file structure-v7.txt (compact mmCIF, C-alpha atoms and all ligand atoms)
# COMPACT_ATOMS: atom_id res chain seq x y z
CA MET A 162 -120.14 -49.06 -83.92
CA ASN A 163 -122.33 -49.10 -86.99
CA SER A 164 -119.59 -47.46 -89.07
CA TRP A 165 -120.71 -49.67 -91.98
CA PHE A 166 -123.83 -47.53 -92.10
CA SER A 167 -122.11 -44.17 -92.47
CA ARG A 168 -119.46 -45.66 -94.76
CA THR A 169 -122.11 -47.06 -97.11
CA LEU A 170 -124.08 -43.82 -97.02
CA LEU A 171 -121.08 -41.58 -97.70
CA ASN A 172 -119.83 -43.86 -100.51
CA TRP A 173 -123.25 -43.66 -102.10
CA ASN A 174 -123.21 -39.88 -101.68
CA ARG A 175 -119.79 -39.50 -103.30
CA LEU A 176 -120.35 -41.90 -106.19
CA GLU A 177 -124.04 -41.99 -106.95
CA ASN A 178 -125.85 -39.01 -105.49
CA HIS A 179 -126.37 -36.39 -108.17
CA ARG A 180 -129.13 -34.39 -106.52
CA GLN A 181 -128.61 -30.68 -107.21
CA MET A 182 -130.04 -27.96 -104.98
CA PRO A 183 -129.09 -24.26 -104.83
CA TRP A 184 -128.39 -24.38 -101.09
CA LYS A 185 -126.30 -27.57 -101.18
CA GLY A 186 -122.82 -27.04 -99.75
CA GLU A 187 -123.96 -23.64 -98.46
CA LYS A 188 -122.11 -22.48 -95.31
CA ASP A 189 -124.01 -19.27 -94.57
CA PRO A 190 -126.34 -20.13 -91.64
CA TYR A 191 -128.90 -17.50 -92.72
CA ARG A 192 -129.28 -19.09 -96.16
CA ILE A 193 -129.35 -22.60 -94.70
CA TRP A 194 -132.02 -21.56 -92.23
CA LEU A 195 -134.13 -19.98 -94.99
CA SER A 196 -133.91 -23.11 -97.14
CA GLU A 197 -134.80 -25.37 -94.21
CA ILE A 198 -137.81 -23.28 -93.18
CA ILE A 199 -139.07 -23.18 -96.77
CA LEU A 200 -138.58 -26.95 -97.15
CA GLN A 201 -140.27 -27.91 -93.87
CA GLN A 202 -143.52 -28.80 -95.63
CA THR A 203 -142.67 -28.13 -99.24
CA ARG A 204 -141.18 -30.20 -102.03
CA VAL A 205 -137.70 -29.18 -103.23
CA GLU A 206 -138.92 -28.44 -106.77
CA GLN A 207 -141.48 -25.96 -105.43
CA GLY A 208 -139.25 -24.52 -102.69
CA ARG A 209 -136.33 -23.68 -104.99
CA ALA A 210 -137.99 -20.63 -106.62
CA TYR A 211 -139.16 -19.31 -103.24
CA TYR A 212 -135.68 -19.68 -101.79
CA GLU A 213 -134.18 -17.70 -104.66
CA ARG A 214 -136.84 -15.00 -104.37
CA PHE A 215 -136.25 -14.62 -100.62
CA ILE A 216 -132.48 -14.45 -101.05
CA SER A 217 -132.71 -11.81 -103.75
CA SER A 218 -135.28 -9.74 -101.78
CA PHE A 219 -133.57 -10.06 -98.38
CA SER A 220 -129.90 -10.86 -98.70
CA THR A 221 -129.31 -10.49 -94.95
CA VAL A 222 -131.22 -11.46 -91.85
CA SER A 223 -131.48 -7.77 -90.84
CA GLN A 224 -133.23 -6.92 -94.11
CA LEU A 225 -135.74 -9.70 -93.50
CA ALA A 226 -136.25 -8.58 -89.89
CA SER A 227 -137.13 -5.03 -90.89
CA ALA A 228 -139.38 -5.88 -93.87
CA PRO A 229 -143.14 -5.16 -93.51
CA GLN A 230 -145.00 -8.36 -92.66
CA GLN A 231 -147.35 -8.02 -95.63
CA GLU A 232 -144.39 -7.92 -98.02
CA VAL A 233 -142.92 -11.10 -96.51
CA PHE A 234 -146.32 -12.82 -96.67
CA LYS A 235 -146.74 -11.84 -100.31
CA LEU A 236 -143.39 -13.45 -101.11
CA TRP A 237 -144.41 -16.56 -99.19
CA GLU A 238 -147.82 -16.74 -100.89
CA GLY A 239 -148.57 -20.20 -102.27
CA LEU A 240 -146.26 -22.09 -99.91
CA GLY A 241 -148.95 -22.77 -97.29
CA TYR A 242 -148.42 -23.42 -93.58
CA TYR A 243 -148.17 -19.71 -92.90
CA SER A 244 -147.16 -20.17 -89.29
CA ARG A 245 -143.72 -20.95 -90.77
CA CYS A 246 -143.65 -17.50 -92.35
CA ARG A 247 -144.77 -15.76 -89.16
CA ASN A 248 -142.14 -17.61 -87.16
CA MET A 249 -139.52 -16.81 -89.76
CA THR A 250 -140.02 -13.06 -89.32
CA LYS A 251 -140.08 -13.46 -85.52
CA ALA A 252 -136.82 -15.45 -85.65
CA ALA A 253 -135.18 -12.83 -87.89
CA GLN A 254 -136.18 -10.14 -85.36
CA ALA A 255 -134.87 -12.25 -82.47
CA ILE A 256 -131.51 -12.64 -84.26
CA VAL A 257 -131.26 -8.86 -84.66
CA GLU A 258 -132.38 -8.08 -81.10
CA GLN A 259 -130.72 -10.87 -79.11
CA PHE A 260 -127.68 -11.74 -81.23
CA ASN A 261 -126.85 -8.33 -82.77
CA GLY A 262 -127.82 -9.54 -86.23
CA ARG A 263 -125.30 -12.42 -86.21
CA PHE A 264 -126.78 -15.85 -86.72
CA PRO A 265 -126.18 -17.83 -83.49
CA ASP A 266 -123.68 -20.68 -83.68
CA SER A 267 -124.60 -22.82 -80.68
CA TYR A 268 -127.24 -25.56 -81.01
CA LYS A 269 -129.03 -24.26 -77.90
CA ASP A 270 -129.31 -20.70 -79.27
CA VAL A 271 -130.34 -21.87 -82.73
CA LEU A 272 -133.01 -24.10 -81.16
CA SER A 273 -134.34 -21.11 -79.18
CA LEU A 274 -135.40 -19.32 -82.40
CA PRO A 275 -139.14 -19.34 -83.21
CA GLY A 276 -140.03 -22.05 -85.73
CA VAL A 277 -136.76 -23.92 -85.28
CA GLY A 278 -137.12 -27.46 -83.93
CA PRO A 279 -134.44 -30.09 -83.31
CA TYR A 280 -134.35 -31.14 -86.98
CA THR A 281 -133.77 -27.61 -88.32
CA ALA A 282 -131.28 -26.79 -85.55
CA ALA A 283 -129.31 -29.96 -86.36
CA ALA A 284 -129.35 -29.11 -90.08
CA ILE A 285 -128.12 -25.53 -89.47
CA CYS A 286 -125.43 -26.50 -86.96
CA SER A 287 -124.10 -29.37 -89.05
CA PHE A 288 -124.21 -27.64 -92.45
CA ALA A 289 -122.89 -24.25 -91.33
CA TYR A 290 -120.49 -25.28 -88.56
CA ASN A 291 -120.03 -29.06 -89.07
CA GLN A 292 -121.21 -29.66 -85.51
CA PRO A 293 -122.11 -33.28 -84.66
CA PHE A 294 -125.92 -33.16 -84.59
CA ALA A 295 -127.92 -35.75 -86.54
CA VAL A 296 -131.01 -34.69 -88.47
CA VAL A 297 -134.03 -36.84 -87.59
CA ASP A 298 -137.21 -36.44 -89.61
CA GLY A 299 -139.73 -38.61 -91.48
CA ASN A 300 -137.09 -39.60 -94.04
CA VAL A 301 -134.67 -40.74 -91.37
CA TYR A 302 -137.42 -42.61 -89.47
CA ARG A 303 -138.32 -44.47 -92.65
CA ILE A 304 -134.76 -45.39 -93.63
CA LEU A 305 -133.77 -46.60 -90.16
CA ALA A 306 -137.08 -48.37 -89.49
CA ARG A 307 -136.69 -50.33 -92.74
CA ILE A 308 -133.01 -51.18 -92.50
CA PHE A 309 -133.19 -52.23 -88.83
CA GLU A 310 -136.81 -53.42 -88.92
CA ILE A 311 -137.76 -51.28 -85.93
CA THR A 312 -141.26 -52.05 -84.71
CA ILE A 313 -141.52 -49.26 -82.12
CA PRO A 314 -144.04 -46.73 -83.51
CA VAL A 315 -142.30 -43.56 -84.69
CA ASP A 316 -145.09 -41.38 -83.29
CA SER A 317 -144.71 -42.68 -79.74
CA ASP A 318 -142.43 -41.13 -77.11
CA ALA A 319 -140.46 -44.39 -76.90
CA GLY A 320 -140.11 -44.42 -80.69
CA LYS A 321 -138.85 -40.83 -80.87
CA LYS A 322 -136.29 -41.55 -78.19
CA HIS A 323 -135.16 -44.76 -79.83
CA PHE A 324 -134.77 -43.23 -83.30
CA ASN A 325 -132.97 -40.16 -81.94
CA THR A 326 -130.47 -42.29 -80.07
CA LEU A 327 -129.88 -44.56 -83.05
CA ALA A 328 -129.53 -41.63 -85.48
CA THR A 329 -126.97 -39.96 -83.20
CA ASP A 330 -125.12 -43.25 -82.87
CA LEU A 331 -124.95 -43.72 -86.64
CA LEU A 332 -123.85 -40.15 -87.43
CA ASP A 333 -120.32 -39.73 -88.81
CA LYS A 334 -119.33 -37.02 -86.33
CA GLU A 335 -116.32 -35.85 -88.35
CA ASN A 336 -118.43 -35.34 -91.45
CA SER A 337 -121.81 -34.38 -90.05
CA ALA A 338 -122.61 -31.88 -92.83
CA GLU A 339 -122.01 -34.37 -95.60
CA TYR A 340 -123.64 -37.22 -93.69
CA ASN A 341 -126.82 -35.27 -92.92
CA GLN A 342 -127.17 -34.02 -96.48
CA ALA A 343 -126.57 -37.55 -97.75
CA ILE A 344 -129.24 -39.15 -95.56
CA MET A 345 -131.79 -36.50 -96.62
CA ASP A 346 -130.97 -37.08 -100.29
CA PHE A 347 -131.04 -40.84 -99.84
CA GLY A 348 -134.53 -40.71 -98.32
CA ALA A 349 -135.77 -38.41 -101.09
CA THR A 350 -134.32 -40.31 -104.04
CA VAL A 351 -133.77 -44.00 -103.07
CA CYS A 352 -135.55 -45.11 -99.89
CA LYS A 353 -138.72 -43.22 -100.88
CA PRO A 354 -142.09 -43.76 -99.15
CA LYS A 355 -143.56 -45.25 -102.33
CA ASN A 356 -141.60 -47.28 -104.89
CA PRO A 357 -138.22 -47.30 -103.10
CA LEU A 358 -135.35 -48.25 -105.42
CA CYS A 359 -134.36 -51.35 -103.47
CA ASN A 360 -132.64 -53.04 -106.43
CA GLN A 361 -130.21 -50.15 -106.78
CA CYS A 362 -129.84 -49.54 -103.06
CA PRO A 363 -126.37 -49.80 -101.50
CA PHE A 364 -127.97 -51.12 -98.28
CA HIS A 365 -130.01 -53.89 -99.85
CA ASP A 366 -127.80 -56.71 -98.52
CA ARG A 367 -128.07 -55.25 -95.00
CA CYS A 368 -131.67 -54.06 -95.09
CA ASN A 369 -133.87 -56.32 -92.98
CA ALA A 370 -137.15 -55.07 -94.41
CA TYR A 371 -135.90 -55.78 -97.93
CA LYS A 372 -134.70 -59.26 -96.94
CA HIS A 373 -138.04 -60.07 -95.32
CA ASN A 374 -140.14 -58.38 -97.96
CA THR A 375 -141.70 -56.04 -95.38
CA VAL A 376 -140.54 -52.69 -96.79
CA TYR A 377 -144.05 -51.21 -96.84
CA SER A 378 -144.71 -52.19 -93.22
CA TYR A 379 -142.19 -49.59 -92.03
CA PRO A 380 -142.14 -47.14 -90.39
CA VAL A 381 -144.75 -48.32 -87.88
CA LYS A 382 -147.24 -45.68 -86.69
CA THR A 383 -149.90 -45.82 -83.98
CA LYS A 384 -152.20 -43.03 -85.02
CA LYS A 385 -154.24 -42.72 -88.14
CA LEU A 386 -154.62 -39.16 -89.31
CA LEU A 387 -158.19 -37.90 -88.91
CA ARG A 388 -159.11 -35.16 -91.32
CA ARG A 389 -162.31 -33.15 -91.16
CA THR A 390 -163.87 -31.37 -94.13
CA ARG A 391 -164.92 -27.71 -93.88
CA TYR A 392 -167.03 -25.86 -96.44
CA PHE A 393 -166.05 -22.24 -97.05
CA TYR A 394 -168.54 -20.22 -99.13
CA TYR A 395 -166.74 -17.16 -100.44
CA PHE A 396 -168.50 -14.12 -101.85
CA PHE A 397 -166.55 -11.67 -103.96
CA LEU A 398 -168.73 -8.63 -103.29
CA GLU A 399 -167.83 -6.21 -106.05
CA LYS A 400 -168.86 -2.69 -106.88
CA ASP A 401 -167.12 -1.01 -109.81
CA ASP A 402 -163.41 -1.30 -109.12
CA GLU A 403 -163.71 -2.40 -105.49
CA ILE A 404 -163.89 -5.74 -103.65
CA MET A 405 -164.70 -6.44 -100.02
CA VAL A 406 -161.99 -8.38 -98.14
CA ARG A 407 -160.72 -8.99 -94.65
CA GLU A 408 -157.55 -10.10 -92.97
CA ARG A 409 -157.93 -13.37 -91.07
CA VAL A 410 -157.00 -12.48 -87.53
CA THR A 411 -158.11 -15.49 -85.51
CA LYS A 412 -155.75 -18.32 -84.69
CA ASP A 413 -157.82 -20.82 -86.72
CA ILE A 414 -155.93 -21.20 -90.02
CA TRP A 415 -154.21 -18.76 -92.38
CA GLN A 416 -153.77 -16.03 -89.80
CA HIS A 417 -152.83 -12.69 -91.46
CA LEU A 418 -153.85 -13.85 -94.92
CA TYR A 419 -156.73 -12.17 -96.73
CA GLU A 420 -160.01 -13.47 -98.08
CA PRO A 421 -163.28 -12.27 -99.60
CA VAL A 422 -166.48 -12.42 -97.55
CA LEU A 423 -166.72 -15.86 -95.99
CA VAL A 424 -169.59 -17.93 -94.66
CA GLU A 425 -168.65 -21.32 -93.30
CA ALA A 426 -171.25 -24.09 -93.61
CA GLU A 427 -171.53 -27.46 -91.90
CA LYS A 428 -172.06 -29.33 -95.17
CA GLU A 429 -171.93 -28.90 -98.89
CA LEU A 430 -174.86 -26.76 -100.08
CA SER A 431 -176.86 -26.79 -103.29
CA GLU A 432 -176.92 -23.63 -105.46
CA LYS A 433 -180.40 -22.87 -104.09
CA GLU A 434 -179.07 -22.89 -100.57
CA ILE A 435 -176.21 -20.50 -101.38
CA ASN A 436 -178.40 -17.41 -102.11
CA PRO A 437 -179.90 -17.23 -98.62
CA LEU A 438 -176.36 -17.05 -97.20
CA LEU A 439 -176.08 -13.59 -98.71
CA ARG A 440 -179.11 -12.41 -96.78
CA LYS A 441 -177.71 -14.02 -93.68
CA ILE A 442 -174.66 -11.75 -93.89
CA GLY A 443 -176.81 -8.68 -94.49
CA ILE A 444 -176.82 -8.28 -98.28
CA PRO A 445 -180.46 -7.88 -99.38
CA ALA A 446 -181.46 -9.56 -102.66
CA ASP A 447 -182.52 -6.25 -104.23
CA SER A 448 -179.01 -4.79 -103.90
CA VAL A 449 -177.53 -7.53 -106.10
CA SER A 450 -177.27 -6.89 -109.82
CA GLY A 451 -175.53 -10.11 -110.81
CA LEU A 452 -174.51 -13.43 -109.33
CA ARG A 453 -172.00 -15.88 -110.77
CA TYR A 454 -171.16 -19.22 -109.22
CA SER A 455 -167.76 -20.61 -109.88
CA VAL A 456 -165.99 -23.88 -109.57
CA LYS A 457 -165.14 -25.51 -106.32
CA HIS A 458 -161.53 -25.59 -105.15
CA SER A 459 -160.10 -27.50 -102.27
CA GLN A 460 -156.97 -27.46 -100.23
CA GLN A 461 -155.67 -30.26 -98.07
CA LEU A 462 -154.17 -29.26 -94.73
CA THR A 463 -152.71 -31.69 -92.24
CA HIS A 464 -155.86 -32.11 -90.18
CA GLN A 465 -158.51 -30.68 -92.42
CA GLN A 466 -159.69 -30.52 -95.98
CA ILE A 467 -160.95 -27.07 -96.97
CA CYS A 468 -163.53 -26.99 -99.69
CA GLY A 469 -163.98 -23.46 -101.09
CA ILE A 470 -166.95 -22.45 -103.25
CA PHE A 471 -166.55 -19.06 -104.88
CA THR A 472 -169.42 -16.78 -105.92
CA HIS A 473 -169.07 -13.39 -107.56
CA VAL A 474 -171.68 -10.85 -106.54
CA SER A 475 -172.04 -7.54 -108.38
CA LEU A 476 -173.76 -4.92 -106.27
CA LYS A 477 -176.04 -2.19 -107.56
CA ASN A 478 -174.84 0.23 -104.91
CA LYS A 479 -171.91 0.23 -102.58
CA VAL A 480 -172.94 -1.04 -99.16
CA ASP A 481 -171.16 -0.43 -95.86
CA ALA A 482 -168.29 -2.86 -95.34
CA LEU A 483 -169.41 -5.81 -93.20
CA SER A 484 -167.95 -6.04 -89.74
CA GLY A 485 -164.24 -6.95 -89.91
CA TYR A 486 -164.11 -6.35 -93.69
CA GLN A 487 -162.96 -3.44 -95.82
CA TRP A 488 -163.36 -2.28 -99.39
CA VAL A 489 -160.15 -2.27 -101.43
CA ASN A 490 -159.62 -1.39 -105.06
CA LYS A 491 -158.40 -4.03 -107.53
CA SER A 492 -154.78 -2.91 -107.58
CA GLU A 493 -154.61 -3.03 -103.74
CA PHE A 494 -156.39 -6.39 -103.85
CA GLU A 495 -153.69 -7.87 -106.09
CA LYS A 496 -150.95 -6.97 -103.62
CA LEU A 497 -152.60 -8.81 -100.70
CA PRO A 498 -151.43 -12.27 -99.61
CA PHE A 499 -154.08 -15.01 -99.98
CA PRO A 500 -154.28 -18.70 -99.05
CA ARG A 501 -152.97 -20.91 -101.84
CA TYR A 502 -156.27 -22.18 -103.17
CA ILE A 503 -157.81 -18.70 -103.37
CA LEU A 504 -154.74 -17.61 -105.27
CA SER A 505 -154.94 -20.50 -107.72
CA TYR A 506 -158.64 -19.83 -108.21
CA LEU A 507 -157.91 -16.16 -108.99
CA LYS A 508 -155.13 -17.10 -111.43
CA GLU A 509 -157.35 -19.62 -113.19
CA LYS A 510 -160.17 -17.09 -113.49
CA LYS A 511 -157.98 -14.47 -115.22
S1 LIG B 1 -133.27 -51.82 -99.59
FE1 LIG B 1 -135.10 -50.63 -100.04
S2 LIG B 1 -136.10 -50.37 -98.08
FE2 LIG B 1 -134.03 -51.02 -97.66
S3 LIG B 1 -132.90 -49.12 -97.37
FE3 LIG B 1 -132.69 -49.69 -99.49
S4 LIG B 1 -134.33 -48.60 -100.56
FE4 LIG B 1 -134.81 -48.58 -98.36

call {"tool": "encode", "arguments": {"input": "structure-v7.txt", "output": "structure tokens"}}
result
Amino acid sequence: MNSWFSRTLLNWNRLENHRQMPWKGEKDPYRIWLSEIILQQTRVEQGRAYYERFISSFSTVSQLASAPQQEVFKLWEGLGYYSRCRNMTKAAQAIVEQFNGRFPDSYKDVLSLPGVGPYTAAAICSFAYNQPFAVVDGNVYRILARIFEITIPVDSDAGKKHFNTLATDLLDKENSAEYNQAIMDFGATVCKPKNPLCNQCPFHDRCNAYKHNTVYSYPVKTKKLLRRTRYFYYFFLEKDDEIMVRERVTKDIWQHLYEPVLVEAEKELSEKEINPLLRKIGIPADSVSGLRYSVKHSQQLTHQQICGIFTHVSLKNKVDALSGYQWVNKSEFEKLPFPRYILSYLKEKK
């Protein structure tokens, strides 16, 4: 059933798909896993350099498992969604401890690794071992919803079940590695969320959404994403060669990344309202020798928009580190991992 689908997809892959990626055709499950974790919320163009850096720093899963967390975070810096990085180190340790350092080869064991969901497990098992598991992600939802004009919302339980069943049904079980890679590439290069290349699409005579001119109505979703804005006022408290920083330890966002002194505000403040924040955190006005406001930077996360406002504060005398913070010198500071927008601010400032 539905063999026309896999036949059309594989023909397109063999004749027209020219997408190059360093991990394409890779059979080593460790490398496949690394590439999949890096690509979970990252574009291929950005992920490529990170993948190569990780492979050259940690050529085996045991090397990654025994690396200090700060070193792994520094390598990950700029990729965002740091829970992926934390889970990656936990998974590497689990492979060493539970599977004697050999990457597991059963879907169930692969799925048991921290940070590995059904999509990543299907990708690893199909690419490394050609096992018949279909990848199902946003790309696959979009392609199938458009071609079959599926009106069940993809973010409902019924929708997930329906799309999973259909994707498994459509999979070419003899060629699952090639099929899965092809459907990912097809979603990224032809049936794109915006401006899909319908005129060049090998499915256009079968695609119901194209026939009915409803391409942009699919996939159907029930929930609208609500995003709240948070205002982070950062103070770079500096004395000579030292800066005050802390590691974020709470489960909020960016756990284990570093930041200068932070005061979170309910709303955007005027410059006049920023000075009193310093007193609020225990830095008296007479200990400040210079104050420099900088540009605003923001970072979009899935459910929140973080707006960071950076102020540099030169101190006349070194004060005791605030609770939870520490003084570090500039060379130590540069080795610490920071959230992406702090990092881009620091690079821009140089
Ligand atoms: S015709 Fe357009 S909407 Fe339909 S599968 Fe092809 S690219 Fe996607």

call {"tool": "residues_near_ligand", "arguments": {"input": "structure-v7.txt", "ligand": "ligand LIG 1 (chain B)", "cutoff": "8 Å", "atoms": "all atoms listed in the file", "output": "ChimeraX atom specification"}}
result
/A:303-305,307-308,348,351-353,357-371,376

call {"tool": "write_last_selection", "arguments": {"input": "structure-v7.txt", "atoms": "C-alpha atoms", "output": "PDB file, in the frame of the given file"}}
result
ATOM      1  CA  ARG A 303    -138.320 -44.470 -92.650  1.00  0.00           C
ATOM      2  CA  ILE A 304    -134.760 -45.390 -93.630  1.00  0.00           C
ATOM      3  CA  LEU A 305    -133.770 -46.600 -90.160  1.00  0.00           C
ATOM      4  CA  ARG A 307    -136.690 -50.330 -92.740  1.00  0.00           C
ATOM      5  CA  ILE A 308    -133.010 -51.180 -92.500  1.00  0.00           C
ATOM      6  CA  GLY A 348    -134.530 -40.710 -98.320  1.00  0.00           C
ATOM      7  CA  VAL A 351    -133.770 -44.000-103.070  1.00  0.00           C
ATOM      8  CA  CYS A 352    -135.550 -45.110 -99.890  1.00  0.00           C
ATOM      9  CA  LYS A 353    -138.720 -43.220-100.880  1.00  0.00           C
ATOM     10  CA  PRO A 357    -138.220 -47.300-103.100  1.00  0.00           C
ATOM     11  CA  LEU A 358    -135.350 -48.250-105.420  1.00  0.00           C
ATOM     12  CA  CYS A 359    -134.360 -51.350-103.470  1.00  0.00           C
ATOM     13  CA  ASN A 360    -132.640 -53.040-106.430  1.00  0.00           C
ATOM     14  CA  GLN A 361    -130.210 -50.150-106.780  1.00  0.00           C
ATOM     15  CA  CYS A 362    -129.840 -49.540-103.060  1.00  0.00           C
ATOM     16  CA  PRO A 363    -126.370 -49.800-101.500  1.00  0.00           C
ATOM     17  CA  PHE A 364    -127.970 -51.120 -98.280  1.00  0.00           C
ATOM     18  CA  HIS A 365    -130.010 -53.890 -99.850  1.00  0.00           C
ATOM     19  CA  ASP A 366    -127.800 -56.710 -98.520  1.00  0.00           C
ATOM     20  CA  ARG A 367    -128.070 -55.250 -95.000  1.00  0.00           C
ATOM     21  CA  CYS A 368    -131.670 -54.060 -95.090  1.00  0.00           C
ATOM     22  CA  ASN A 369    -133.870 -56.320 -92.980  1.00  0.00           C
ATOM     23  CA  ALA A 370    -137.150 -55.070 -94.410  1.00  0.00           C
ATOM     24  CA  TYR A 371    -135.900 -55.780 -97.930  1.00  0.00           C
ATOM     25  CA  VAL A 376    -140.540 -52.690 -96.790  1.00  0.00           C
TER      26      VAL A 376
END

call {"tool": "closest_residue", "arguments": {"input": "structure-v7.txt", "among": "A:Glu258, A:Phe288, A:Lys355, A:Gly485", "to": "Arg407 in chain A", "atoms": "all atoms listed in the file"}}
result
A:Gly485

call {"tool": "residues_around", "arguments": {"input": "structure-v7.txt", "residues": "Pro421 in chain A", "least_positions_apart": "4", "cutoff": "12 Å", "atoms": "all atoms listed in the file", "output": "PyMOL selection string"}}
result
chain A and resi 393-399+403-409+469-474+482-483+485-489+494+497-500+503-504+507

call {"tool": "residues_around", "arguments": {"input": "structure-v7.txt", "residues": "range 226-237 of chain A", "least_positions_apart": "2", "cutoff": "6 Å", "atoms": "only C-alpha atoms", "output": "MDAnalysis selection string"}}
result
chainID A and resid 223:224 240 250 253:254 498

call {"tool": "atom_distance", "arguments": {"input": "structure-v7.txt", "atom1": "CA of Asn490 in chain A", "atom2": "CA of Leu423 in chain A"}}
result
18.5 Å

call {"tool": "residues_around", "arguments": {"input": "structure-v7.txt", "residues": "range 461-465 of chain A", "least_positions_apart": "4", "cutoff": "6 Å", "atoms": "all atoms listed in the file", "output": "count of residues only"}}
result
3

call {"tool": "closest_residue", "arguments": {"input": "structure-v7.txt", "among": "A:Ser492, A:Ser450, A:Asn174, A:Ser505", "to": "Ile344 in chain A", "atoms": "only C-alpha atoms"}}
result
A:Asn174

call {"tool": "build_atoms", "arguments": {"input": "structure-v7.txt", "residues": "range 217-234 of chain A", "atoms": "N, CA and C atoms", "output": "PDB file, in the coordinates of the input"}}
result
ATOM      1  N   SER A 217    -132.960 -13.046-102.993  1.00  0.00           N
ATOM      2  CA  SER A 217    -132.710 -11.810-103.750  1.00  0.00           C
ATOM      3  C   SER A 217    -133.454 -10.625-103.120  1.00  0.00           C
ATOM      4  N   SER A 218    -134.580 -10.864-102.424  1.00  0.00           N
ATOM      5  CA  SER A 218    -135.280  -9.740-101.780  1.00  0.00           C
ATOM      6  C   SER A 218    -134.619  -9.336-100.456  1.00  0.00           C
ATOM      7  N   PHE A 219    -134.163 -10.325 -99.709  1.00  0.00           N
ATOM      8  CA  PHE A 219    -133.570 -10.060 -98.380  1.00  0.00           C
ATOM      9  C   PHE A 219    -132.239 -10.804 -98.302  1.00  0.00           C
ATOM     10  N   SER A 220    -131.170 -10.129 -98.662  1.00  0.00           N
ATOM     11  CA  SER A 220    -129.900 -10.860 -98.700  1.00  0.00           C
ATOM     12  C   SER A 220    -129.294 -11.035 -97.311  1.00  0.00           C
ATOM     13  N   THR A 221    -129.811 -10.292 -96.319  1.00  0.00           N
ATOM     14  CA  THR A 221    -129.310 -10.490 -94.950  1.00  0.00           C
ATOM     15  C   THR A 221    -130.484 -10.674 -93.997  1.00  0.00           C
ATOM     16  N   VAL A 222    -130.174 -11.226 -92.852  1.00  0.00           N
ATOM     17  CA  VAL A 222    -131.220 -11.460 -91.850  1.00  0.00           C
ATOM     18  C   VAL A 222    -131.798 -10.126 -91.353  1.00  0.00           C
ATOM     19  N   SER A 223    -130.980  -9.081 -91.308  1.00  0.00           N
ATOM     20  CA  SER A 223    -131.480  -7.770 -90.840  1.00  0.00           C
ATOM     21  C   SER A 223    -132.496  -7.207 -91.823  1.00  0.00           C
ATOM     22  N   GLN A 224    -132.255  -7.413 -93.119  1.00  0.00           N
ATOM     23  CA  GLN A 224    -133.230  -6.920 -94.110  1.00  0.00           C
ATOM     24  C   GLN A 224    -134.563  -7.640 -93.939  1.00  0.00           C
ATOM     25  N   LEU A 225    -134.496  -8.939 -93.689  1.00  0.00           N
ATOM     26  CA  LEU A 225    -135.740  -9.700 -93.500  1.00  0.00           C
ATOM     27  C   LEU A 225    -136.442  -9.237 -92.223  1.00  0.00           C
ATOM     28  N   ALA A 226    -135.666  -8.983 -91.169  1.00  0.00           N
ATOM     29  CA  ALA A 226    -136.250  -8.580 -89.890  1.00  0.00           C
ATOM     30  C   ALA A 226    -136.980  -7.257 -89.994  1.00  0.00           C
ATOM     31  N   SER A 227    -136.504  -6.362 -90.842  1.00  0.00           N
ATOM     32  CA  SER A 227    -137.130  -5.030 -90.890  1.00  0.00           C
ATOM     33  C   SER A 227    -138.173  -4.900 -92.005  1.00  0.00           C
ATOM     34  N   ALA A 228    -138.409  -5.968 -92.763  1.00  0.00           N
ATOM     35  CA  ALA A 228    -139.380  -5.880 -93.870  1.00  0.00           C
ATOM     36  C   ALA A 228    -140.808  -5.865 -93.317  1.00  0.00           C
ATOM     37  N   PRO A 229    -141.729  -5.120 -93.959  1.00  0.00           N
ATOM     38  CA  PRO A 229    -143.140  -5.160 -93.510  1.00  0.00           C
ATOM     39  C   PRO A 229    -143.701  -6.575 -93.668  1.00  0.00           C
ATOM     40  N   GLN A 230    -144.491  -6.987 -92.672  1.00  0.00           N
ATOM     41  CA  GLN A 230    -145.000  -8.360 -92.660  1.00  0.00           C
ATOM     42  C   GLN A 230    -145.762  -8.709 -93.946  1.00  0.00           C
ATOM     43  N   GLN A 231    -146.541  -7.735 -94.432  1.00  0.00           N
ATOM     44  CA  GLN A 231    -147.350  -8.020 -95.630  1.00  0.00           C
ATOM     45  C   GLN A 231    -146.467  -8.347 -96.842  1.00  0.00           C
ATOM     46  N   GLU A 232    -145.313  -7.671 -96.901  1.00  0.00           N
ATOM     47  CA  GLU A 232    -144.390  -7.920 -98.020  1.00  0.00           C
ATOM     48  C   GLU A 232    -143.809  -9.344 -97.934  1.00  0.00           C
ATOM     49  N   VAL A 233    -143.479  -9.760 -96.703  1.00  0.00           N
ATOM     50  CA  VAL A 233    -142.920 -11.100 -96.510  1.00  0.00           C
ATOM     51  C   VAL A 233    -143.993 -12.152 -96.839  1.00  0.00           C
ATOM     52  N   PHE A 234    -145.221 -11.884 -96.390  1.00  0.00           N
ATOM     53  CA  PHE A 234    -146.320 -12.820 -96.670  1.00  0.00           C
ATOM     54  C   PHE A 234    -146.588 -12.942 -98.157  1.00  0.00           C
TER      55      PHE A 234
END
